[in-house]
Amino acid sequence: MTRSMRPKRGLKLPDSELAVHNLRHHFADLEQQSATAKFGMWIFLVTEIMFFGGLFASYLIYRLSYYNAWVAGSQTMEIKYGTANTAVLICSSLTMVMAVHWSKLGSRKLTALFLILTLVLGIVFLGVKAVEYHEHWVHHEVPGPNFHFEHTGNYDPRHVSIFFSLYFAMTGMHALHMVIGAGLLTWLLIANGLGRFSPEYNSPVELVGLYWHFVDIIWIYLFPLLYLISHHHPGG
Amino acid sequence: MNEHAHPSVKTFVAVWATLLVLTALTVFAATLELGPFNAIVALSIATIKAVLVLLFFMELRYSTALTKVAVVSAIFFLMLLVGLSLADYLTRGWSSYINPFR
C-alpha cells in the first residue's frame, strides 16, 4: 500500500478500511506494524536515557567534588514549585494514559478531551518553570556576567555557578522535551479530529504516550536531585 | 489484540494516586534530618515512582520480551556510565600514597 492510497483529508472511511489503508506494504499485518513501531520508540527512548544519563552523571560528580557549594545552591530552590510541577506532571501522565485508552476503544471525543487535558497540564508545567526561571534571573542566579551569589560558608561561589549551569542545562533540556511533547499532542489532536485513528490503528497516540511518560520519569529524578536531597544539609 | 492484557482505568487511577502519595512522602522526608539517608530515601522513592510509570503507564509489564531486554540493557549501561565515572572521581584522593612517578 503506497502513501498516496491512504485516505485523503476529510474523507470518511469505516474503521476496518481505515486500518487497511494505514498498513504499510512491508508489514504482514497491523499487529506486527504496531509492535515494530513501539519497539522503535523504545530504542529511541533508550538513546534518550543515555543522553540524560550524561547530565545526571556530571551532576553527581560535581556534587561530590564541590559538596558545600552544591548544598548552598540547591538550598535556594523553592520546593513548592518543584512539588507543584511534580504533581502536575503525574496528573498529565494519567490523562495521557486515558487518551491512549480511549483511542484504543475508538472514542474520538474522549481521546480529544484527554489529549487537551494533557496539553493544558504540560503548559501549566512550563508556566511554573518560567516563573521559577524568572526568579532565578531576578536573584542573579543565572550563570554569566550577572551571576552573584552571597556566600556565607566555606566554598567558592564560582562552584555555585556550576551548580546553576547544570540546573539550567538539565531543566532546560527537560523543558525542551516538554515543548516538543506539546507540539506532538497538538498534532495528535488534529489527526484525531480528522478521524485518522481507530481501535485497529492508533500507534501515533501510543508512541507519543510513551514519550510523554519518559519525560515524566526524567522529572521524577530531577525533582529530588535538584530540590530535595540537599535541603537538610548544613552548608559548610 | 488481546484486550485482557492491558491494564484497566482502575489500575491507572490507583497508580496515579500512589505516585501522588509517594511525592508527598518524599517532600516530607526532605524536611527530616536523616544525614546521608536524605539522598538515599529520596532516590529510592524516585526509583519506585519511575518503575510504576514504566510498568503500568508505559505498559512495560505487558510488552514483548524484546522491549524488556532493551530497557534492562539501557539501565545496565546507565549504571556503567554513572558507576565507573564515580569510581574514578571518588578514588582520586587515594593518589597521595607513595607514588613512584611523582
# chains A, B, ... in the order shown; residues from 1 in each chain; ligands from 1
>>> interface_residues(of="chain A", to="chain B", cutoff="9 Å", atoms="only C-alpha atoms", output="ChimeraX atom specification")
/A:31,35,38-39,42-43,45-47,49-50,53-54,56-58,60-61,64-65,79,83,86-87,90-91,93-94,96-98,101,200,206,209-210,213-214,216-218,220-221,223-225,228-233
>>> residues_around(residues="stretch 167-173 of chain A", least_positions_apart="6", cutoff="9 Å", atoms="only C-alpha atoms", output="PyMOL selection string")
chain A and resi 52+55-56+59+129+133+142+219+222+226
>>> select_by_dssp(residues="chain B", states="alpha helix (DSSP H)", output="ChimeraX atom specification")
/B:9-30,37-52,65-90
>>> residues_around(residues="stretch 150-154 of chain A", least_positions_apart="2", cutoff="12 Å", atoms="only C-alpha atoms", output="list in words")
Tyr66, Tyr67, Asn68, Ala69, Trp70, Val71, Ala72, Gly73, Thr76, His139, His140, Glu141, Phe147, His148, Asp156, Pro157, Arg158, His159, Val160, Ser161, Pro234, Gly235 and Gly236 of chain A
>>> write_last_selection(atoms="C-alpha atoms", output="PDB file, in the first residue's frame")
ATOM      1  CA  TYR A  66      32.015  20.721  45.365  1.00  0.00           C
ATOM      2  CA  TYR A  67      29.638  19.460  48.007  1.00  0.00           C
ATOM      3  CA  ASN A  68      29.302  22.661  50.106  1.00  0.00           C
ATOM      4  CA  ALA A  69      28.718  24.884  47.087  1.00  0.00           C
ATOM      5  CA  TRP A  70      26.219  22.340  45.769  1.00  0.00           C
ATOM      6  CA  VAL A  71      24.243  22.339  49.028  1.00  0.00           C
ATOM      7  CA  ALA A  72      24.222  26.155  49.102  1.00  0.00           C
ATOM      8  CA  GLY A  73      22.973  26.344  45.502  1.00  0.00           C
ATOM      9  CA  THR A  76      17.971  28.315  47.078  1.00  0.00           C
ATOM     10  CA  HIS A 139      18.132  36.840  42.111  1.00  0.00           C
ATOM     11  CA  HIS A 140      21.257  36.902  39.854  1.00  0.00           C
ATOM     12  CA  GLU A 141      21.422  33.112  39.874  1.00  0.00           C
ATOM     13  CA  PHE A 147      25.837  35.944  38.376  1.00  0.00           C
ATOM     14  CA  HIS A 148      26.176  36.932  42.004  1.00  0.00           C
ATOM     15  CA  ASP A 156      33.895  29.178  46.160  1.00  0.00           C
ATOM     16  CA  PRO A 157      30.798  30.969  44.775  1.00  0.00           C
ATOM     17  CA  ARG A 158      32.005  30.086  41.262  1.00  0.00           C
ATOM     18  CA  HIS A 159      31.241  26.465  42.117  1.00  0.00           C
ATOM     19  CA  VAL A 160      27.643  27.523  42.873  1.00  0.00           C
ATOM     20  CA  SER A 161      27.643  28.923  39.334  1.00  0.00           C
ATOM     21  CA  PRO A 234      24.041  22.483  56.672  1.00  0.00           C
ATOM     22  CA  GLY A 235      26.058  24.352  54.050  1.00  0.00           C
ATOM     23  CA  GLY A 236      29.658  24.174  55.284  1.00  0.00           C
TER      24      GLY A 236
END
